[in-house]
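**Q** Next up, query28.pdb (PDB, C-alpha atoms).
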ATOM      1  CA  MET Z 519       0.000   0.000   0.000  1.00  0.00           C
ATOM      2  CA  LEU Z 520       1.099   3.576  -0.676  1.00  0.00           C
ATOM      3  CA  ASP Z 521       2.704   5.079   2.428  1.00  0.00           C
ATOM      4  CA  LEU Z 522       4.003   8.615   1.900  1.00  0.00           C
ATOM      5  CA  SER Z 523       6.142   8.435   5.049  1.00  0.00           C
ATOM      6  CA  THR Z 524       8.349   5.763   3.437  1.00  0.00           C
ATOM      7  CA  MET Z 525       8.837   7.480   0.067  1.00  0.00           C
ATOM      8  CA  ILE Z 526      12.093   9.136   1.174  1.00  0.00           C
ATOM      9  CA  TYR Z 527      13.582   5.647   1.551  1.00  0.00           C
ATOM     10  CA  ARG Z 528      11.692   3.714  -1.097  1.00  0.00           C
ATOM     11  CA  ILE Z 529      12.314   6.007  -4.062  1.00  0.00           C
ATOM     12  CA  PRO Z 530      16.151   6.012  -3.799  1.00  0.00           C
ATOM     13  CA  ALA Z 531      16.116   2.244  -3.214  1.00  0.00           C
ATOM     14  CA  LEU Z 532      13.903   1.773  -6.254  1.00  0.00           C
ATOM     15  CA  LEU Z 533      16.185   3.922  -8.429  1.00  0.00           C
ATOM     16  CA  PHE Z 534      19.212   1.896  -7.328  1.00  0.00           C
ATOM     17  CA  ALA Z 535      17.431  -1.374  -8.138  1.00  0.00           C
ATOM     18  CA  ILE Z 536      16.325  -0.201 -11.583  1.00  0.00           C
ATOM     19  CA  SER Z 537      19.698   1.301 -12.475  1.00  0.00           C
ATOM     20  CA  ILE Z 538      21.813  -1.720 -11.489  1.00  0.00           C
ATOM     21  CA  HIS Z 539      19.439  -4.091 -13.289  1.00  0.00           C
ATOM     22  CA  GLU Z 540      19.455  -2.232 -16.593  1.00  0.00           C
ATOM     23  CA  TYR Z 541      23.156  -1.317 -16.386  1.00  0.00           C
ATOM     24  CA  ALA Z 542      24.010  -4.995 -15.907  1.00  0.00           C
ATOM     25  CA  HIS Z 543      22.070  -5.907 -19.059  1.00  0.00           C
ATOM     26  CA  ALA Z 544      23.823  -3.160 -21.023  1.00  0.00           C
ATOM     27  CA  GLN Z 545      27.299  -3.947 -19.686  1.00  0.00           C
ATOM     28  CA  CYS Z 546      26.950  -7.665 -20.334  1.00  0.00           C
ATOM     29  CA  ALA Z 547      25.656  -7.103 -23.872  1.00  0.00           C
ATOM     30  CA  ASP Z 548      28.559  -4.751 -24.574  1.00  0.00           C
ATOM     31  CA  SER Z 549      31.062  -7.305 -23.268  1.00  0.00           C
ATOM     32  CA  MET Z 550      29.488  -9.971 -25.502  1.00  0.00           C
ATOM     33  CA  GLY Z 551      30.034  -7.867 -28.619  1.00  0.00           C
ATOM     34  CA  ASP Z 552      26.821  -5.830 -28.930  1.00  0.00           C
ATOM     35  CA  PRO Z 553      27.377  -2.057 -28.501  1.00  0.00           C
ATOM     36  CA  THR Z 554      23.711  -1.144 -29.125  1.00  0.00           C
ATOM     37  CA  ALA Z 555      22.961  -0.266 -25.498  1.00  0.00           C
ATOM     38  CA  ARG Z 556      26.170   1.768 -25.202  1.00  0.00           C
ATOM     39  CA  TYR Z 557      25.301   3.784 -28.317  1.00  0.00           C
ATOM     40  CA  ALA Z 558      21.818   4.348 -26.854  1.00  0.00           C
ATOM     41  CA  GLY Z 559      23.311   5.844 -23.691  1.00  0.00           C
ATOM     42  CA  ARG Z 560      22.229   2.960 -21.466  1.00  0.00           C
ATOM     43  CA  LEU Z 561      25.694   1.948 -20.254  1.00  0.00           C
ATOM     44  CA  THR Z 562      25.296   4.171 -17.186  1.00  0.00           C
ATOM     45  CA  PHE Z 563      24.173   4.088 -13.565  1.00  0.00           C
ATOM     46  CA  ASN Z 564      22.142   7.274 -14.124  1.00  0.00           C
ATOM     47  CA  PRO Z 565      18.553   6.215 -13.320  1.00  0.00           C
ATOM     48  CA  MET Z 566      17.120   8.825 -15.678  1.00  0.00           C
ATOM     49  CA  ALA Z 567      18.514   6.843 -18.613  1.00  0.00           C
ATOM     50  CA  HIS Z 568      16.586   3.740 -17.543  1.00  0.00           C
ATOM     51  CA  LEU Z 569      13.467   5.129 -15.928  1.00  0.00           C
ATOM     52  CA  ASP Z 570      10.019   4.653 -17.377  1.00  0.00           C
ATOM     53  CA  PRO Z 571       7.954   7.211 -15.414  1.00  0.00           C
ATOM     54  CA  ILE Z 572       4.670   5.298 -15.457  1.00  0.00           C
ATOM     55  CA  GLY Z 573       6.340   1.975 -14.690  1.00  0.00           C
ATOM     56  CA  ALA Z 574       8.285   3.466 -11.773  1.00  0.00           C
ATOM     57  CA  VAL Z 575       5.212   5.121 -10.220  1.00  0.00           C
ATOM     58  CA  LEU Z 576       3.243   1.882 -10.480  1.00  0.00           C
ATOM     59  CA  LEU Z 577       6.101  -0.049  -8.909  1.00  0.00           C
ATOM     60  CA  VAL Z 578       6.104   2.246  -5.872  1.00  0.00           C
ATOM     61  CA  VAL Z 579       2.321   2.476  -5.582  1.00  0.00           C
ATOM     62  CA  ALA Z 580       1.132  -0.961  -6.688  1.00  0.00           C
ATOM     63  CA  GLY Z 581       4.234  -3.150  -6.450  1.00  0.00           C
ATOM     64  CA  PHE Z 582       4.095  -3.830 -10.193  1.00  0.00           C
ATOM     65  CA  GLY Z 583       5.958  -1.796 -12.790  1.00  0.00           C
ATOM     66  CA  TRP Z 584       8.784  -1.707 -15.282  1.00  0.00           C
ATOM     67  CA  ALA Z 585      11.845   0.157 -16.538  1.00  0.00           C
ATOM     68  CA  LYS Z 586      12.782   0.945 -20.135  1.00  0.00           C
ATOM     69  CA  GLY Z 587      14.056  -2.186 -21.839  1.00  0.00           C
ATOM     70  CA  VAL Z 588      17.720  -2.148 -22.856  1.00  0.00           C
ATOM     71  CA  PRO Z 589      18.038  -2.271 -26.668  1.00  0.00           C
ATOM     72  CA  ILE Z 590      19.970  -5.336 -27.812  1.00  0.00           C
ATOM     73  CA  ASN Z 591      20.885  -6.683 -31.239  1.00  0.00           C
ATOM     74  CA  VAL Z 592      21.477 -10.405 -30.796  1.00  0.00           C
ATOM     75  CA  ASN Z 593      23.093 -10.593 -34.245  1.00  0.00           C
ATOM     76  CA  ASN Z 594      26.094  -8.737 -32.804  1.00  0.00           C
ATOM     77  CA  PHE Z 595      26.830 -11.371 -30.174  1.00  0.00           C
ATOM     78  CA  ARG Z 596      29.917 -13.455 -30.805  1.00  0.00           C
ATOM     79  CA  ASN Z 597      27.861 -16.426 -29.621  1.00  0.00           C
ATOM     80  CA  ARG Z 598      24.154 -15.743 -29.997  1.00  0.00           C
ATOM     81  CA  ARG Z 599      22.797 -18.288 -27.499  1.00  0.00           C
ATOM     82  CA  GLU Z 600      25.451 -17.592 -24.887  1.00  0.00           C
ATOM     83  CA  GLY Z 601      24.956 -13.851 -25.310  1.00  0.00           C
ATOM     84  CA  ILE Z 602      21.183 -14.011 -24.831  1.00  0.00           C
ATOM     85  CA  LEU Z 603      21.462 -16.222 -21.748  1.00  0.00           C
ATOM     86  CA  LYS Z 604      24.202 -14.172 -20.081  1.00  0.00           C
ATOM     87  CA  VAL Z 605      22.535 -10.831 -20.795  1.00  0.00           C
ATOM     88  CA  SER Z 606      19.182 -12.116 -19.537  1.00  0.00           C
ATOM     89  CA  PHE Z 607      20.701 -13.454 -16.316  1.00  0.00           C
ATOM     90  CA  ALA Z 608      22.849 -10.338 -15.775  1.00  0.00           C
ATOM     91  CA  GLY Z 609      20.031  -8.065 -14.548  1.00  0.00           C
ATOM     92  CA  PRO Z 610      18.580 -10.420 -11.895  1.00  0.00           C
ATOM     93  CA  ALA Z 611      22.092 -11.447 -10.798  1.00  0.00           C
ATOM     94  CA  ALA Z 612      23.053  -7.791 -10.293  1.00  0.00           C
ATOM     95  CA  ASN Z 613      19.934  -7.238  -8.169  1.00  0.00           C
ATOM     96  CA  LEU Z 614      20.736 -10.239  -5.981  1.00  0.00           C
ATOM     97  CA  PHE Z 615      24.278  -8.943  -5.537  1.00  0.00           C
ATOM     98  CA  LEU Z 616      23.038  -5.471  -4.571  1.00  0.00           C
ATOM     99  CA  CYS Z 617      20.603  -7.059  -2.118  1.00  0.00           C
ATOM    100  CA  PHE Z 618      23.544  -8.895  -0.557  1.00  0.00           C
ATOM    101  CA  LEU Z 619      25.584  -5.675  -0.346  1.00  0.00           C
ATOM    102  CA  ALA Z 620      22.689  -3.877   1.380  1.00  0.00           C
ATOM    103  CA  ALA Z 621      22.397  -6.710   3.917  1.00  0.00           C
ATOM    104  CA  LEU Z 622      26.173  -6.654   4.443  1.00  0.00           C
ATOM    105  CA  LEU Z 623      26.172  -2.897   5.033  1.00  0.00           C
ATOM    106  CA  MET Z 624      23.251  -3.254   7.438  1.00  0.00           C
ATOM    107  CA  ALA Z 625      25.093  -5.915   9.449  1.00  0.00           C
ATOM    108  CA  LEU Z 626      28.344  -3.930   9.430  1.00  0.00           C
ATOM    109  CA  THR Z 627      26.847  -0.598  10.518  1.00  0.00           C
ATOM    110  CA  ASN Z 628      24.780  -2.349  13.178  1.00  0.00           C
ATOM    111  CA  ARG Z 629      27.881  -4.106  14.516  1.00  0.00           C
ATOM    112  CA  LEU Z 630      29.790  -0.806  14.632  1.00  0.00           C
ATOM    113  CA  GLY Z 631      26.906   0.991  16.345  1.00  0.00           C
ATOM    114  CA  LEU Z 632      26.425   3.361  13.418  1.00  0.00           C
ATOM    115  CA  MET Z 633      22.932   2.259  12.447  1.00  0.00           C
ATOM    116  CA  SER Z 634      20.274   4.986  12.349  1.00  0.00           C
ATOM    117  CA  ASP Z 635      16.559   4.588  11.782  1.00  0.00           C
ATOM    118  CA  GLY Z 636      16.786   6.216   8.359  1.00  0.00           C
ATOM    119  CA  MET Z 637      19.706   4.045   7.281  1.00  0.00           C
ATOM    120  CA  TYR Z 638      17.914   0.923   8.493  1.00  0.00           C
ATOM    121  CA  ARG Z 639      14.787   1.738   6.481  1.00  0.00           C
ATOM    122  CA  PHE Z 640      16.750   2.578   3.333  1.00  0.00           C
ATOM    123  CA  LEU Z 641      18.849  -0.596   3.482  1.00  0.00           C
ATOM    124  CA  LEU Z 642      15.770  -2.677   4.209  1.00  0.00           C
ATOM    125  CA  TRP Z 643      14.004  -1.320   1.113  1.00  0.00           C
ATOM    126  CA  MET Z 644      17.204  -1.870  -0.895  1.00  0.00           C
ATOM    127  CA  GLN Z 645      17.060  -5.528   0.027  1.00  0.00           C
ATOM    128  CA  LEU Z 646      13.351  -5.892  -0.628  1.00  0.00           C
ATOM    129  CA  TYR Z 647      13.267  -4.109  -3.998  1.00  0.00           C
ATOM    130  CA  ASN Z 648      16.347  -5.876  -5.311  1.00  0.00           C
ATOM    131  CA  VAL Z 649      15.371  -9.376  -4.282  1.00  0.00           C
ATOM    132  CA  TRP Z 650      11.892  -8.869  -5.725  1.00  0.00           C
ATOM    133  CA  PHE Z 651      13.281  -7.370  -8.944  1.00  0.00           C
ATOM    134  CA  ALA Z 652      15.537 -10.378  -9.355  1.00  0.00           C
ATOM    135  CA  PHE Z 653      12.946 -13.114  -8.944  1.00  0.00           C
ATOM    136  CA  PHE Z 654      10.121 -11.204 -10.623  1.00  0.00           C
ATOM    137  CA  ASN Z 655      12.220 -10.779 -13.750  1.00  0.00           C
ATOM    138  CA  LEU Z 656      13.006 -14.495 -13.821  1.00  0.00           C
ATOM    139  CA  ILE Z 657       9.323 -15.358 -14.325  1.00  0.00           C
ATOM    140  CA  PRO Z 658       9.201 -16.900 -17.851  1.00  0.00           C
ATOM    141  CA  ILE Z 659       6.629 -14.542 -19.323  1.00  0.00           C
ATOM    142  CA  PRO Z 660       7.380 -11.757 -21.847  1.00  0.00           C
ATOM    143  CA  PRO Z 661       8.696  -9.136 -21.543  1.00  0.00           C
ATOM    144  CA  LEU Z 662      10.555 -10.448 -18.486  1.00  0.00           C
ATOM    145  CA  ASP Z 663      14.087 -11.858 -18.637  1.00  0.00           C
ATOM    146  CA  GLY Z 664      12.885 -15.323 -17.710  1.00  0.00           C
ATOM    147  CA  SER Z 665      11.001 -15.669 -20.993  1.00  0.00           C
ATOM    148  CA  ARG Z 666      14.185 -15.160 -23.025  1.00  0.00           C
ATOM    149  CA  ILE Z 667      16.060 -17.617 -20.814  1.00  0.00           C
ATOM    150  CA  LEU Z 668      13.392 -20.302 -21.179  1.00  0.00           C
ATOM    151  CA  SER Z 669      13.102 -19.698 -24.922  1.00  0.00           C
ATOM    152  CA  GLU Z 670      16.830 -20.319 -25.366  1.00  0.00           C
ATOM    153  CA  LEU Z 671      16.869 -23.399 -23.144  1.00  0.00           C
ATOM    154  CA  LEU Z 672      13.953 -25.119 -24.885  1.00  0.00           C
ATOM    155  CA  PRO Z 673      14.476 -27.275 -28.001  1.00  0.00           C
ATOM    156  CA  ALA Z 674      13.915 -25.337 -31.243  1.00  0.00           C
ATOM    157  CA  ARG Z 675      10.365 -26.562 -31.897  1.00  0.00           C
ATOM    158  CA  GLN Z 676       9.155 -26.041 -28.326  1.00  0.00           C
ATOM    159  CA  SER Z 677      10.862 -22.647 -28.253  1.00  0.00           C
ATOM    160  CA  TRP Z 678       8.977 -21.571 -31.395  1.00  0.00           C
ATOM    161  CA  GLN Z 679       5.675 -22.791 -29.921  1.00  0.00           C
ATOM    162  CA  PHE Z 680       6.366 -21.029 -26.631  1.00  0.00           C
ATOM    163  CA  ASN Z 681       7.216 -17.722 -28.320  1.00  0.00           C
ATOM    164  CA  ASN Z 682       4.289 -17.975 -30.736  1.00  0.00           C
ATOM    165  CA  ILE Z 683       1.778 -18.362 -27.913  1.00  0.00           C
ATOM    166  CA  VAL Z 684       3.226 -16.421 -25.016  1.00  0.00           C
ATOM    167  CA  ASP Z 685       4.481 -13.395 -26.981  1.00  0.00           C
ATOM    168  CA  ARG Z 686       0.910 -12.595 -27.994  1.00  0.00           C
ATOM    169  CA  TYR Z 687      -0.627 -12.741 -24.555  1.00  0.00           C
ATOM    170  CA  GLY Z 688       2.399 -12.355 -22.266  1.00  0.00           C
ATOM    171  CA  PHE Z 689       1.602  -8.913 -20.919  1.00  0.00           C
ATOM    172  CA  LEU Z 690      -2.028  -9.812 -20.206  1.00  0.00           C
ATOM    173  CA  ILE Z 691      -0.953 -13.031 -18.485  1.00  0.00           C
ATOM    174  CA  LEU Z 692       1.546 -11.083 -16.405  1.00  0.00           C
ATOM    175  CA  ILE Z 693      -1.047  -8.531 -15.295  1.00  0.00           C
ATOM    176  CA  ALA Z 694      -3.427 -11.355 -14.365  1.00  0.00           C
ATOM    177  CA  LEU Z 695      -0.726 -13.106 -12.332  1.00  0.00           C
ATOM    178  CA  VAL Z 696       0.142  -9.880 -10.494  1.00  0.00           C
ATOM    179  CA  PHE Z 697      -3.376  -8.807  -9.613  1.00  0.00           C
ATOM    180  CA  THR Z 698      -4.510 -12.295  -8.581  1.00  0.00           C
ATOM    181  CA  GLY Z 699      -1.559 -12.548  -6.202  1.00  0.00           C
ATOM    182  CA  ILE Z 700      -0.025 -15.539  -7.959  1.00  0.00           C
ATOM    183  CA  THR Z 701       3.282 -13.711  -8.487  1.00  0.00           C
ATOM    184  CA  GLY Z 702       3.506 -13.190  -4.729  1.00  0.00           C
ATOM    185  CA  MET Z 703       2.933 -16.897  -4.169  1.00  0.00           C
ATOM    186  CA  ILE Z 704       5.802 -17.631  -6.562  1.00  0.00           C
ATOM    187  CA  ILE Z 705       8.239 -14.935  -5.483  1.00  0.00           C
ATOM    188  CA  ASN Z 706       7.736 -14.796  -1.702  1.00  0.00           C
ATOM    189  CA  PRO Z 707       9.271 -18.224  -0.933  1.00  0.00           C
ATOM    190  CA  LEU Z 708      12.232 -17.530  -3.252  1.00  0.00           C
ATOM    191  CA  ALA Z 709      12.828 -14.012  -1.914  1.00  0.00           C
ATOM    192  CA  ASN Z 710      12.475 -15.085   1.719  1.00  0.00           C
ATOM    193  CA  GLY Z 711      14.746 -18.056   1.123  1.00  0.00           C
ATOM    194  CA  TYR Z 712      17.444 -15.863  -0.404  1.00  0.00           C
ATOM    195  CA  LEU Z 713      17.223 -13.298   2.400  1.00  0.00           C
ATOM    196  CA  MET Z 714      17.397 -16.042   5.014  1.00  0.00           C
ATOM    197  CA  LEU Z 715      20.478 -17.513   3.332  1.00  0.00           C
ATOM    198  CA  VAL Z 716      22.203 -14.122   3.129  1.00  0.00           C
ATOM    199  CA  ASN Z 717      21.458 -13.219   6.725  1.00  0.00           C
ATOM    200  CA  SER Z 718      22.507 -16.665   7.946  1.00  0.00           C
ATOM    201  CA  LEU Z 719      25.869 -16.242   6.212  1.00  0.00           C
ATOM    202  CA  LEU Z 720      26.298 -12.737   7.619  1.00  0.00           C
ATOM    203  CA  ARG Z 721      25.504 -13.914  11.157  1.00  0.00           C
ATOM    204  CA  ILE Z 722      28.448 -16.309  10.909  1.00  0.00           C
ATOM    205  CA  VAL Z 723      30.751 -13.339  10.186  1.00  0.00           C
ATOM    206  CA  PHE Z 724      29.164 -10.714  12.438  1.00  0.00           C
TER     207      PHE Z 724
END
Using the file provided, produce a representation of the structure as structure tokens.
**A**
Amino acid sequence: MLDLSTMIYRIPALLFAISIHEYAHAQCADSMGDPTARYAGRLTFNPMAHLDPIGAVLLVVAGFGWAKGVPINVNNFRNRREGILKVSFAGPAANLFLCFLAALLMALTNRLGLMSDGMYRFLLWMQLYNVWFAFFNLIPIPPLDGSRILSELLPARQSWQFNNIVDRYGFLILIALVFTGITGMIINPLANGYLMLVNSLLRIVF
């Protein structure tokens, strides 16, 4: 639910999550031989280059939104299949890494007695947005990263059938999954499991 008192923490956390996700896609594509995103000005951490205003507002208000997709030309990849898989995984992986860094910083500042209420809230939202971004984008429905991953992993015939059906209705299916709460049923166990693993590892150190 929309809570104006948390916007000062949620908006910066959201911008970080969006920026690292899209930058990771762009950087990985560039390293695999496709400079399209770099030429489009997307090889940057500047959130304004990645932000879709409507998608960002909906993400804050409704928990469902989107950023501008990174332009990619798969024909430029040195290895097409490897390029698609690595670029698709790069965004969610970057979000999981940023979630881990936020948890690490929270544990470190708490151990040193430097934790403030504002810092705690910001780092908490950093963890929540990033872990949700990661697993949400791995759902195999267009236009999410998971659909490209599944399409590449399927045999050629099944991949064609999947793309032919899901590409047409993907966005409608995704909206239905979000507003019926099915995405929460899918993502919550994964997100909670990852956060539990991270915090268990950090407790060993701190």
**Q** Quick one: residues within 9 Å of segment 679-690 of chain Z, all atoms listed in the file, excluding same-chain residues fewer than 4 positions away - as a PyMOL selection string?
**A** chain Z and resi 659-661+665+668-669+672+674-675+694-695
**Q** With C-alpha atoms retained, write the just-selected residues as a short mmCIF file (atom, residue, chain, number, x, y, z; two decimals), in the coordinates of the input.
**A**
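This went into selection-v5.cif:
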data_model
loop_
_atom_site.label_atom_id
_atom_site.label_comp_id
_atom_site.auth_asym_id
_atom_site.auth_seq_id
_atom_site.Cartn_x
_atom_site.Cartn_y
_atom_site.Cartn_z
CA ILE Z 659 6.63 -14.54 -19.32
CA PRO Z 660 7.38 -11.76 -21.85
CA PRO Z 661 8.70 -9.14 -21.54
CA SER Z 665 11.00 -15.67 -20.99
CA LEU Z 668 13.39 -20.30 -21.18
CA SER Z 669 13.10 -19.70 -24.92
CA LEU Z 672 13.95 -25.12 -24.88
CA ALA Z 674 13.92 -25.34 -31.24
CA ARG Z 675 10.36 -26.56 -31.90
CA ALA Z 694 -3.43 -11.36 -14.36
CA LEU Z 695 -0.73 -13.11 -12.33
#
**Q** Using the chain letters and numbers from this file, what does the PyMOL selection byres ((chain Z and resi 655) around 10) select? Give the answer as a PyMOL selection string.
**A** chain Z and resi 539+584+606-607+609-610+650-654+656-665
**Q** How many Å lie between atom CA of Ser718 of chain Z and atom CA of Lys604 of chain Z, rounded to one decimal?
**A** 28.2 Å
**Q** Name the residues that the PyMOL selection byres ((chain Z and resi 599) around 12) pulls out of this structure, and write them as an MDAnalysis selection string.
**A** chainID Z and resid 550 592:598 600:606 666:672 674
**Q** Can you tell me, as a ChimeraX atom specification, what residues are no more than 12 Å from Asn710 of chain Z when counting all atoms listed in the file, ignoring any on the same chain fewer than 5 positions away?
**A** /Z:645-646,649-650,653,702-705,715-718
**Q** Could you list, as a PyMOL selection string, every residue matched by the PyMOL selection byres ((chain Z and resi 527) around 10) in this structure?
**A** chain Z and resi 523-526+528-532+636-644
**Q** Suppose you want the space between atom CA of Ala585 of chain Z and atom CA of Leu619 of chain Z; what is it in Å?
**A**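 Interatomic distance here is 22.0 Å.
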**Q** Give the answer as one residue: which of Z:Leu719, Z:Ala555, Z:Val588, Z:Ala544 has the shortest atom-to-atom distance to Ala612 of chain Z, using all atoms listed in the file?
**A**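 Closest residue, counting all atoms listed in the file: Z:Ala544.
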**Q** One decimal, Å: what's the distance from atom CA of His543 of chain Z over to atom CA of Ala608 of chain Z, could you say?
**A**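 It comes out at 5.6 Å.
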**Q** So, counting all atoms listed in the file, which residue among Z:Ala611, Z:Ala625, Z:Leu569, Z:Ile691 is closest to Arg721 of chain Z?
**A**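 With all atoms listed in the file as the atom set, the closest residue is Z:Ala625.
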